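Peer 1: model.txt is reproduced in full below (compact mmCIF, C-alpha atoms).
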# COMPACT_ATOMS: atom_id res chain seq x y z
CA MET A 1 0.00 0.00 0.00
CA LYS A 2 1.34 3.42 -0.90
CA ARG A 3 2.45 5.64 1.94
CA ALA A 4 -0.07 8.31 0.89
CA ALA A 5 -2.92 5.83 1.37
CA ILE A 6 -1.54 4.79 4.72
CA ILE A 7 -1.38 8.40 5.89
CA ALA A 8 -4.94 9.03 4.70
CA MET A 9 -6.12 5.98 6.62
CA LEU A 10 -4.14 7.10 9.65
CA LEU A 11 -5.86 10.48 9.76
CA GLY A 12 -9.26 8.82 9.48
CA VAL A 13 -8.52 6.39 12.28
CA LEU A 14 -7.19 9.23 14.45
CA VAL A 15 -10.63 10.79 14.56
CA ILE A 16 -11.98 7.63 16.24
CA LEU A 17 -9.02 6.40 18.26
CA ASN A 18 -7.03 9.49 19.12
CA ALA A 19 -9.14 10.42 22.13
CA ILE A 20 -8.89 6.88 23.50
CA ILE A 21 -5.13 6.67 23.03
CA ASN A 22 -4.36 10.04 24.60
CA THR A 23 -6.97 10.24 27.35
CA PRO A 24 -5.31 10.11 30.78
CA SER A 25 -6.58 7.70 33.42
CA LEU A 26 -9.28 9.47 35.42
CA PRO A 27 -11.52 8.53 38.31
CA SER A 28 -14.84 7.11 37.15
CA GLU A 29 -16.80 10.13 38.38
CA GLN A 30 -14.90 12.46 36.00
CA PRO A 31 -15.77 12.86 32.31
CA ALA A 32 -14.02 10.56 29.83
CA TRP A 33 -12.25 13.49 28.16
CA VAL A 34 -10.70 16.52 29.79
CA GLN A 35 -9.71 19.55 27.74
CA PRO A 36 -5.92 19.89 27.63
CA THR A 37 -4.21 23.01 28.87
CA VAL A 38 -2.71 25.52 26.45
CA ALA A 39 0.73 24.22 27.43
CA GLN A 40 -0.29 20.67 26.50
CA MET A 41 -1.65 21.90 23.17
CA ALA A 42 1.60 23.76 22.53
CA ASP A 43 3.56 20.56 23.19
CA THR A 44 2.02 19.05 20.04
CA THR A 45 3.02 22.04 17.89
CA VAL A 46 6.31 21.93 15.99
CA THR A 47 8.43 24.22 13.85
CA ILE A 48 9.05 23.30 10.21
CA ILE A 49 12.28 24.56 8.69
CA SER A 50 13.08 24.37 4.98
CA GLU A 51 16.48 25.13 3.51
CA TYR A 52 17.04 26.88 0.18
CA PRO A 53 20.23 28.02 -1.54
CA CYS A 54 20.78 31.75 -1.13
CA GLU A 55 20.05 33.43 -4.49
CA ASN A 56 21.65 36.74 -3.57
CA PRO A 57 25.29 36.79 -4.83
CA HIS A 58 26.21 39.04 -1.91
CA CYS A 59 24.87 36.59 0.68
CA ASP A 60 27.19 35.80 3.56
CA ILE A 61 25.47 32.43 3.99
CA GLN A 62 25.00 29.65 1.44
CA VAL A 63 21.67 28.37 2.78
CA HIS A 64 18.56 30.41 3.53
CA GLU A 65 15.97 29.07 5.96
CA SER A 66 12.21 29.56 5.87
CA TRP A 67 10.04 28.87 8.89
CA GLY A 68 6.56 27.47 9.33
CA SER A 69 4.53 25.48 11.80
CA GLY A 70 2.76 22.15 12.11
CA VAL A 71 1.01 19.85 14.56
CA LEU A 72 1.77 16.26 15.53
CA VAL A 73 -1.21 14.04 14.65
CA GLY A 74 0.44 10.62 14.77
CA GLU A 75 3.76 8.92 15.37
CA GLY A 76 6.26 10.93 13.32
CA THR A 77 3.36 12.45 11.39
CA VAL A 78 2.77 16.21 11.12
CA LEU A 79 -0.17 18.03 9.58
CA THR A 80 0.72 21.42 8.10
CA ALA A 81 0.12 23.80 5.16
CA ARG A 82 1.14 22.71 1.68
CA HIS A 83 2.30 26.18 0.60
CA LEU A 84 5.32 25.77 2.90
CA PHE A 85 6.76 23.42 0.27
CA LYS A 86 5.73 25.12 -2.98
CA ARG A 87 8.85 27.22 -3.44
CA GLU A 88 11.29 25.76 -5.98
CA GLY A 89 14.84 24.84 -5.10
CA ARG A 90 14.17 23.42 -1.65
CA VAL A 91 17.19 21.45 -0.42
CA ALA A 92 15.74 19.81 2.69
CA SER A 93 13.08 20.24 5.36
CA TYR A 94 13.24 19.52 9.07
CA VAL A 95 10.87 19.33 12.02
CA LEU A 96 12.20 21.14 15.07
CA PHE A 97 11.00 19.36 18.20
CA MET A 98 12.34 19.79 21.73
CA GLY A 99 15.30 21.74 20.39
CA GLU A 100 16.39 19.02 17.93
CA ARG A 101 16.04 18.86 14.15
CA TYR A 102 14.59 15.77 12.50
CA LEU A 103 14.80 15.31 8.73
CA VAL A 104 11.49 15.16 6.86
CA SER A 105 11.42 11.89 4.91
CA ASP A 106 8.16 12.31 2.97
CA ILE A 107 5.88 15.21 2.03
CA LEU A 108 2.35 14.29 1.00
CA ILE A 109 0.48 17.12 -0.69
CA ASP A 110 -3.29 17.55 -0.67
CA PRO A 111 -4.17 18.22 -4.34
CA ASP A 112 -7.25 20.31 -3.56
CA SER A 113 -6.53 22.41 -0.49
CA ASP A 114 -3.67 24.13 1.31
CA LEU A 115 -2.91 21.09 3.47
CA ALA A 116 -0.01 18.64 3.62
CA VAL A 117 1.10 15.69 5.71
CA ILE A 118 4.80 15.24 6.40
CA CYS A 119 6.52 12.15 7.76
CA VAL A 120 9.55 12.18 10.03
CA ASP A 121 11.60 9.12 10.90
CA ASN A 122 13.35 8.47 14.21
CA MET A 123 11.45 11.05 16.25
CA PRO A 124 11.43 10.38 20.00
CA GLU A 125 8.21 9.66 21.84
CA HIS A 126 5.94 12.69 21.60
CA PRO A 127 2.40 13.85 22.43
CA VAL A 128 -0.27 13.81 19.73
CA ALA A 129 -3.04 16.36 19.23
CA GLU A 130 -6.64 15.26 19.10
CA ILE A 131 -8.67 16.04 15.99
CA ASP A 132 -12.21 17.35 15.58
CA MET A 133 -13.77 17.05 12.13
CA ASN A 134 -16.59 19.50 12.90
CA ASP A 135 -16.78 23.26 12.46
CA PRO A 136 -16.88 25.28 15.68
CA PRO A 137 -20.01 27.42 16.04
CA LEU A 138 -19.98 31.02 14.92
CA GLY A 139 -18.40 33.21 17.59
CA ALA A 140 -16.60 30.31 19.28
CA ASP A 141 -13.26 30.93 20.99
CA VAL A 142 -10.28 29.38 19.21
CA ILE A 143 -6.53 29.27 19.82
CA MET A 144 -3.80 29.33 17.16
CA ILE A 145 -0.30 28.18 18.02
CA GLY A 146 2.77 28.56 15.81
CA THR A 147 6.44 29.44 15.70
CA PRO A 148 6.69 32.49 13.45
CA SER A 149 10.27 33.27 14.42
CA HIS A 150 11.58 30.55 16.65
CA LYS A 151 15.00 32.09 17.24
CA LEU A 152 13.46 35.32 18.53
CA MET A 153 9.99 34.55 19.87
CA GLY A 154 9.56 30.82 20.33
CA GLN A 155 6.02 29.56 20.17
CA ARG A 156 3.29 32.16 19.80
CA VAL A 157 -0.17 31.56 21.22
CA VAL A 158 -3.02 33.79 20.02
CA LYS A 159 -6.71 33.74 20.81
CA GLY A 160 -9.62 34.81 18.66
CA ASN A 161 -13.12 33.91 17.53
CA ILE A 162 -14.80 32.26 14.58
CA SER A 163 -16.11 35.26 12.66
CA ASN A 164 -17.42 33.64 9.48
CA LEU A 165 -17.87 30.02 8.41
CA ASP A 166 -18.42 30.75 4.71
CA VAL A 167 -16.27 33.36 2.98
CA SER A 168 -16.37 31.87 -0.53
CA GLU A 169 -17.90 34.95 -2.18
CA LEU A 170 -15.42 37.27 -0.48
CA LEU A 171 -12.48 35.11 -1.55
CA GLU A 172 -13.68 35.06 -5.13
CA GLU A 173 -13.37 38.84 -5.08
CA VAL A 174 -10.08 38.94 -3.15
CA PHE A 175 -8.36 36.32 -5.31
CA LYS A 176 -9.98 36.97 -8.67
CA ASP A 177 -6.51 37.64 -10.13
CA ALA A 178 -4.90 34.71 -8.28
CA PRO A 179 -6.75 31.51 -9.27
CA ASP A 180 -4.16 29.24 -7.63
CA LEU A 181 -4.77 30.82 -4.25
CA LEU A 182 -8.52 30.73 -4.76
CA GLU A 183 -8.37 26.99 -5.46
CA ALA A 184 -6.24 26.29 -2.39
CA TRP A 185 -8.55 28.43 -0.24
CA SER A 186 -11.79 27.12 -1.72
CA ARG A 187 -13.01 26.25 1.77
CA VAL A 188 -11.64 28.28 4.66
CA VAL A 189 -12.97 29.57 7.96
CA MET A 190 -12.45 33.20 9.01
CA THR A 191 -11.15 34.07 12.48
CA THR A 192 -10.12 37.18 14.38
CA CYS A 193 -6.75 35.73 15.48
CA MET A 194 -3.89 38.12 14.78
CA THR A 195 -1.02 36.14 13.26
CA VAL A 196 2.19 36.78 11.35
CA HIS A 197 4.26 35.08 8.67
CA GLY A 198 5.59 31.78 9.98
CA ASN A 199 2.37 30.81 11.72
CA SER A 200 1.37 29.06 8.49
CA GLY A 201 0.75 25.37 9.05
CA GLY A 202 0.08 25.81 12.74
CA PRO A 203 -2.95 24.24 14.40
CA VAL A 204 -6.22 25.93 15.27
CA PHE A 205 -7.67 24.52 18.50
CA TYR A 206 -11.28 24.54 19.61
CA ASN A 207 -12.05 23.01 23.00
CA GLY A 208 -8.56 21.55 23.02
CA LYS A 209 -8.86 19.73 19.69
CA VAL A 210 -7.46 20.62 16.27
CA VAL A 211 -10.17 21.81 13.90
CA GLY A 212 -7.98 23.32 11.19
CA ILE A 213 -4.61 24.46 9.89
CA PHE A 214 -3.77 28.15 9.63
CA VAL A 215 -3.00 29.09 6.02
CA GLY A 216 -2.70 32.86 5.94
CA PHE A 217 -4.32 36.22 5.65
CA PRO A 218 -5.20 38.21 2.52
CA LEU A 219 -3.00 41.17 1.78
CA VAL A 220 -4.31 44.55 0.73
CA ARG A 221 -5.85 44.21 -2.73
CA ASN A 222 -7.39 46.98 -4.79
CA THR A 223 -6.72 49.41 -1.91
CA ILE A 224 -8.96 47.33 0.41
CA ALA A 225 -7.42 45.81 3.57
CA TYR A 226 -8.99 42.44 4.34
CA ASN A 227 -8.40 42.14 8.08
CA PHE A 228 -8.89 38.48 8.92
CA THR A 229 -6.98 35.24 9.21
CA ALA A 230 -8.09 31.98 7.70
CA TYR A 231 -7.70 28.27 8.33
CA VAL A 232 -8.54 25.18 6.32
CA PRO A 233 -10.77 22.74 8.24
CA ILE A 234 -9.32 19.30 8.92
CA TYR A 235 -12.19 17.61 7.07
CA GLU A 236 -10.99 19.23 3.84
CA LEU A 237 -7.93 16.94 3.79
CA ASP A 238 -8.10 14.76 0.69
CA THR A 239 -5.91 11.77 -0.13
CA PRO A 240 -2.45 13.34 -0.25
CA GLU A 241 -0.13 12.91 -3.22
CA GLU A 242 3.60 12.26 -2.97
Translate this file's structure into structure tokens.

Peer 2:
Amino acid sequence: MKRAAIIAMLLGVLVILNAIINTPSLPSEQPAWVQPTVAQMADTTVTIISEYPCENPHCDIQVHESWGSGVLVGEGTVLTARHLFKREGRVASYVLFMGERYLVSDILIDPDSDLAVICVDNMPEHPVAEIDMNDPPLGADVIMIGTPSHKLMGQRVVKGNISNLDVSELLEEVFKDAPDLLEAWSRVVMTTCMTVHGNSGGPVFYNGKVVGIFVGFPLVRNTIAYNFTAYVPIYELDTPEE
């Protein structure tokens, strides 16, 4: 069976089994699932580093690094944004976890949305985030976690609300001159979380479970500033392609 199919099956099984696997032992009078703390959610968030040759002839360094984020959803398996890997010339990618770099062995790209699954070999034992395939209700509180500039800021936790569950008409206007972006963002959820470059690929948590992957925010287009951030819901993940 191809690795892409295995990963797709893994993500489906996670929805059913993840809560069982990761639920701590609790007295019988307590609920079967207890919402994790922000610190526990952050423990499942990783930094993704990709290396590219420096194109500037005056560069003092030979390799340029770009930064993104991701979330651990299985053993050595990270869910992230596909646009982190679209730039040509990439030499290698790594997952930064507990201060150590681990080489990415496979990148599986969702053909229809801005999602990707990456595989990392030889990672130590690590926590795994729980997944929720449902949309939060309008106005719900959500948390985004990412590492926009790990060397300077470390992980960045931001809170916001679900402000719109259907922005398809708005995106058609925003991206009318960028069909590739429109296709990748064909189904996104709008939030009020204030993020920066490098948060891309980071998880969006609702009630302690991952409901989506942060993919970006529209820039100013046609003199209009579109002030929102967007994430792709987990249920949009299609069978990834290698």

Peer 1: Rank nothing, just name the residue among A:Ala230, A:Ile118, A:Val38, A:Met98 nearest to Gly154 in chain A, using all atoms listed in the file.

Peer 2: A:Met98

Peer 1: Pick from A:Thr44, A:Asp106, A:Gly70, A:Arg187: nearest to Glu172 in chain A, with only C-alpha atoms counted?

Peer 2: A:Arg187

Peer 1: Would you work out the distance separating CA of Leu108 in chain A from CA of Ala39 in chain A, expressed in Å to one decimal?

Peer 2: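 Separation of CA of Leu108 in chain A and CA of Ala39 in chain A: 28.3 Å.
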
Peer 1: What lies within 10 Å of range 81-96 of chain A using all atoms listed in the file, ignoring chain neighbours under 4 positions off, as a PyMOL selection string?

Peer 2: chain A and resi 45-54+63-70+76+100-111+113-120+123+150+181+184+198-203+213-216+231-232

Peer 1: Here is a test: counting only C-alpha atoms, which residue of A:Cys193, A:Val71, A:Ala129, A:Leu170 is nearest to Lys209 in chain A?

Peer 2: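 Closest candidate: A:Ala129.
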
Peer 1: Could you name the residues that touch Leu138 in chain A at 9 Å or less, counting only C-alpha atoms, but leaving out those on the same chain fewer than 6 positions away, as number ranges by chain?

Peer 2: A: 161-165

Peer 1: Measure the distance from CA of Phe97 in chain A to CA of Asn122 in chain A in Å and round it to one decimal.

Peer 2: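 CA of Phe97 in chain A sits 11.8 Å away from CA of Asn122 in chain A.
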
Peer 1: Suppose you want the space between CA of Glu169 in chain A and CA of Ile234 in chain A; what is it in Å?

Peer 2: 21.0 Å

Peer 1: Could you tell me which of A:His197, A:Pro124, A:Tyr206, A:Val158 comes closest to Gly139 in chain A if we count only C-alpha atoms?

Peer 2: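 With only C-alpha atoms as the atom set, the closest residue is A:Tyr206.
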
Peer 1: Between A:Ala140, A:Val204, A:Leu72, A:Val210, single out the one closest to Glu125 in chain A, counting only C-alpha atoms.

Peer 2: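 With only C-alpha atoms as the atom set, the closest residue is A:Leu72.
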
Peer 1: Counting only C-alpha atoms, what is within 8 Å of Met133 in chain A, bar same-chain residues fewer than 5 positions away, as a PyMOL selection string?

Peer 2: chain A and resi 15+211+233-235

Peer 1: Can range 191-208 of chain A be brought up to N, CA and C atoms and written out as an mmCIF file, in the frame of the given file?

Peer 2:
data_model
loop_
_atom_site.group_PDB
_atom_site.id
_atom_site.type_symbol
_atom_site.label_atom_id
_atom_site.label_comp_id
_atom_site.auth_asym_id
_atom_site.auth_seq_id
_atom_site.Cartn_x
_atom_site.Cartn_y
_atom_site.Cartn_z
ATOM 1 N N THR A 191 -11.283 33.833 11.045
ATOM 2 C CA THR A 191 -11.150 34.070 12.480
ATOM 3 C C THR A 191 -10.630 35.485 12.726
ATOM 4 N N THR A 192 -10.654 35.879 13.998
ATOM 5 C CA THR A 192 -10.120 37.180 14.380
ATOM 6 C C THR A 192 -8.727 37.082 14.983
ATOM 7 N N CYS A 193 -8.105 35.908 14.928
ATOM 8 C CA CYS A 193 -6.750 35.730 15.480
ATOM 9 C C CYS A 193 -5.763 36.595 14.693
ATOM 10 N N MET A 194 -4.897 37.276 15.401
ATOM 11 C CA MET A 194 -3.890 38.120 14.780
ATOM 12 C C MET A 194 -2.588 37.331 14.677
ATOM 13 N N THR A 195 -2.196 36.975 13.473
ATOM 14 C CA THR A 195 -1.020 36.140 13.260
ATOM 15 C C THR A 195 -0.017 36.859 12.360
ATOM 16 N N VAL A 196 1.137 36.225 12.193
ATOM 17 C CA VAL A 196 2.190 36.780 11.350
ATOM 18 C C VAL A 196 2.748 35.677 10.475
ATOM 19 N N HIS A 197 3.608 36.059 9.517
ATOM 20 C CA HIS A 197 4.260 35.080 8.670
ATOM 21 C C HIS A 197 5.037 34.096 9.531
ATOM 22 N N GLY A 198 4.929 32.827 9.201
ATOM 23 C CA GLY A 198 5.590 31.780 9.980
ATOM 24 C C GLY A 198 4.612 30.975 10.802
ATOM 25 N N ASN A 199 3.430 31.566 11.066
ATOM 26 C CA ASN A 199 2.370 30.810 11.720
ATOM 27 C C ASN A 199 1.745 29.791 10.770
ATOM 28 N N SER A 200 1.979 29.956 9.472
ATOM 29 C CA SER A 200 1.370 29.060 8.490
ATOM 30 C C SER A 200 1.651 27.601 8.826
ATOM 31 N N GLY A 201 0.612 26.794 8.748
ATOM 32 C CA GLY A 201 0.750 25.370 9.050
ATOM 33 C C GLY A 201 0.449 25.032 10.481
ATOM 34 N N GLY A 202 0.343 26.058 11.327
ATOM 35 C CA GLY A 202 0.080 25.810 12.740
ATOM 36 C C GLY A 202 -1.361 25.404 12.992
ATOM 37 N N PRO A 203 -1.609 24.723 14.111
ATOM 38 C CA PRO A 203 -2.950 24.240 14.400
ATOM 39 C C PRO A 203 -3.869 25.319 14.946
ATOM 40 N N VAL A 204 -5.161 25.123 14.679
ATOM 41 C CA VAL A 204 -6.220 25.930 15.270
ATOM 42 C C VAL A 204 -6.995 24.997 16.214
ATOM 43 N N PHE A 205 -7.021 25.353 17.501
ATOM 44 C CA PHE A 205 -7.670 24.520 18.500
ATOM 45 C C PHE A 205 -9.017 25.099 18.915
ATOM 46 N N TYR A 206 -9.983 24.204 19.040
ATOM 47 C CA TYR A 206 -11.280 24.540 19.610
ATOM 48 C C TYR A 206 -11.611 23.493 20.667
ATOM 49 N N ASN A 207 -11.829 23.939 21.890
ATOM 50 C CA ASN A 207 -12.050 23.010 23.000
ATOM 51 C C ASN A 207 -10.939 21.978 23.118
ATOM 52 N N GLY A 208 -9.710 22.419 22.834
ATOM 53 C CA GLY A 208 -8.560 21.550 23.020
ATOM 54 C C GLY A 208 -8.270 20.594 21.887
#
